Amino acid sequence: MPKVVRLIECFQSYQGEGPDTGKSMLIVRFKRCNRQCPWCDTTVKMRISVESEYEIQTIQSVIDDKKCGLLITGGEPTFNLNLAGTLDLINCTNSKYYNVETNGYALMKLIKDVDQKKNVKYILSPKLFTDKDLEFYTDLTKKIYTNEKVYFKIVTEDRKLIHDYLKFLTSFNINDRVYLMPEGKSKDELIQNSPCVFDMCEKYKFNFSSREHIIYGFV
């Protein structure tokens with residue numbers, strides 16, 4: 001019997017953030033997450049959407065038909081049962097490229113268990129609200145920064161914890177894999193918050209990432 005994964009969304013669109021912005025993607029979304037971020041743009045969707053079972057075989061058919069990559073997001077793709085589903089989605093499909101958007105909850109285990117021949121970008125999005133968060137992400141970064149498949153995509157505000165983490169990142173010579181994004185759930189909010197993020201990109205020598213799906217409304 002074909003493997004199935006439990007998702008709240010599965011649809012073809014485009015990556016709106018980070019290193020693969022603009023690429024055609026089949027976007028699959030898990031429901032549950034271990035964090036509750038105040039600026040999360042999927043909180044309502046995760047709360048009201050019902051999980052459904054999707055066959056891996058059907059997902060592969062869409063990838064083949066649309067000639068697209070696979071973007072795995074959430075919720076949190078590495079949280080509890082989502083982790084097994086994420087591994088099945090990567091290891092049991094064939095796609096030219098994969099994006100996994102994660103807060104890093106079980107990123108080390110995911111990387112360990114993924115077929116290393118797969119063209120996966122692990123897009124780590126640190127959630128920095130407490131000193132404990134900063135400690136977690138500095139420790140995780142030390143373990144994964146040498147992996148060139150790991151990218152860092154940070155919703156950036158002018159806060160001390162974020163500055164502390166960005167200063168920490170500058171010591172690893174991975175500037176080409178770090179993207180800073182403005183906070184915002186609407187086009188107007190993104191435009192309003194972008195100048196500060198451009199200034200921080202200039203200060204720390206990192207990349208700026210827009211959030212095209214919010215600006216153009218294609219997701």
# chains A, B, ... in the order shown; residues from 1 in each chain; ligands from 1
>>> select_by_dssp(residues="range 36-149 of chain A", states="strand (DSSP E)", output="PyMOL selection string")
chain A and resi 52-55+69-73+98-102+120-124
>>> residues_around(residues="Pro77 in chain A", least_positions_apart="2", cutoff="10 Å", atoms="only C-alpha atoms", output="CSV table (one decimal) with C-alpha atoms, in the first residue's frame")
chain,number,residue,atom,x,y,z
A,28,VAL,CA,3.0,20.7,1.3
A,29,ARG,CA,2.1,21.9,4.8
A,30,PHE,CA,2.1,20.1,8.1
A,31,LYS,CA,-0.4,21.1,10.8
A,32,ARG,CA,1.4,21.1,14.1
A,33,CYS,CA,4.3,23.2,15.5
A,72,ILE,CA,7.9,21.2,2.9
A,73,THR,CA,6.7,23.6,5.5
A,74,GLY,CA,4.3,23.9,8.4
A,75,GLY,CA,3.7,24.1,11.1
A,79,PHE,CA,8.0,18.1,15.1
A,80,ASN,CA,6.8,14.8,16.4
A,81,LEU,CA,5.0,12.7,13.8
A,82,ASN,CA,5.7,15.4,11.1
A,83,LEU,CA,9.3,14.2,11.1
A,84,ALA,CA,8.5,10.8,9.8
A,85,GLY,CA,6.2,12.3,7.1
A,86,THR,CA,9.0,14.7,6.1
A,87,LEU,CA,11.4,11.9,5.7
A,100,VAL,CA,12.5,22.1,4.1
A,101,GLU,CA,11.5,25.2,6.1
A,102,THR,CA,12.2,24.5,9.7
A,103,ASN,CA,12.7,26.1,13.1
A,104,GLY,CA,15.3,23.5,13.8
A,105,TYR,CA,13.4,21.5,16.3
A,106,ALA,CA,14.8,18.1,15.1
A,107,LEU,CA,17.0,19.3,12.3
A,110,LEU,CA,16.3,15.0,9.8
>>> residues_around(residues="Met181 in chain A", least_positions_apart="5", cutoff="6 Å", atoms="only C-alpha atoms", output="list in words")
Ile154, Val155, Thr156 and Ser209 of chain A
>>> select_by_dssp(residues="range 1-218 of chain A", states="alpha helix (DSSP H)", output="JSON, numbers by chain")
{"A": [43, 44, 45, 46, 47, 48, 56, 57, 58, 59, 60, 61, 62, 63, 64, 65, 66, 81, 82, 83, 84, 85, 86, 87, 88, 89, 90, 91, 107, 108, 109, 110, 111, 112, 113, 131, 132, 133, 134, 135, 136, 137, 138, 139, 140, 141, 142, 143, 144, 160, 161, 162, 163, 164, 165, 166, 167, 168, 169, 187, 188, 189, 190, 191, 192, 193, 194, 195, 196, 197, 198, 199, 200, 201, 202, 203, 204, 212, 213, 214, 215, 216]}
>>> atom_distance(atom1="CA of Asn175 in chain A", atom2="CA of Thr138 in chain A")
15.8 Å
>>> residues_around(residues="Gly22 in chain A", least_positions_apart="6", cutoff="10 Å", atoms="only C-alpha atoms", output="list in words")
Ser13, Tyr14, Gln15, Gly16, Glu212 and His213 of chain A
>>> write_last_selection(atoms="N, CA and C atoms", output="PDB file, in the first residue's frame")
ATOM      1  N   SER A  13       2.657  26.072  -6.383  1.00  0.00           N
ATOM      2  CA  SER A  13       2.788  27.526  -6.402  1.00  0.00           C
ATOM      3  C   SER A  13       4.267  27.848  -6.611  1.00  0.00           C
ATOM      4  N   TYR A  14       4.768  28.871  -5.929  1.00  0.00           N
ATOM      5  CA  TYR A  14       6.158  29.306  -6.092  1.00  0.00           C
ATOM      6  C   TYR A  14       6.764  29.607  -4.728  1.00  0.00           C
ATOM      7  N   GLN A  15       8.064  29.343  -4.607  1.00  0.00           N
ATOM      8  CA  GLN A  15       8.759  29.705  -3.376  1.00  0.00           C
ATOM      9  C   GLN A  15       8.824  31.229  -3.280  1.00  0.00           C
ATOM     10  N   GLY A  16       8.434  31.777  -2.141  1.00  0.00           N
ATOM     11  CA  GLY A  16       8.384  33.229  -1.989  1.00  0.00           C
ATOM     12  C   GLY A  16       9.525  33.810  -1.185  1.00  0.00           C
ATOM     13  N   GLU A 212       7.724  37.199  -1.334  1.00  0.00           N
ATOM     14  CA  GLU A 212       6.959  37.440  -2.553  1.00  0.00           C
ATOM     15  C   GLU A 212       5.523  36.937  -2.469  1.00  0.00           C
ATOM     16  N   HIS A 213       5.315  35.853  -1.756  1.00  0.00           N
ATOM     17  CA  HIS A 213       3.962  35.290  -1.662  1.00  0.00           C
ATOM     18  C   HIS A 213       3.021  36.237  -0.933  1.00  0.00           C
TER      19      HIS A 213
END
>>> residues_around(residues="Phe198 in chain A", least_positions_apart="3", cutoff="9 Å", atoms="only C-alpha atoms", output="PyMOL selection string")
chain A and resi 180-182+194-195+201-203+207-208
>>> residues_around(residues="Leu128 in chain A", least_positions_apart="4", cutoff="7 Å", atoms="only C-alpha atoms", output="JSON, numbers by chain")
{"A": [133, 134, 161, 162]}
>>> write_last_selection(atoms="C-alpha atoms", output="short mmCIF file (atom, residue, chain, number, x, y, z; two decimals), in the first residue's frame")
data_model
loop_
_atom_site.label_atom_id
_atom_site.label_comp_id
_atom_site.auth_asym_id
_atom_site.auth_seq_id
_atom_site.Cartn_x
_atom_site.Cartn_y
_atom_site.Cartn_z
CA ASP A 133 16.22 30.52 22.33
CA LEU A 134 19.54 32.24 21.69
CA LEU A 161 18.57 38.99 20.74
CA ILE A 162 18.52 39.17 16.95
#
>>> closest_residue(among="A:Asn99, A:Thr78, A:Ser186, A:Gln192", to="Tyr122 in chain A", atoms="only C-alpha atoms")
A:Asn99
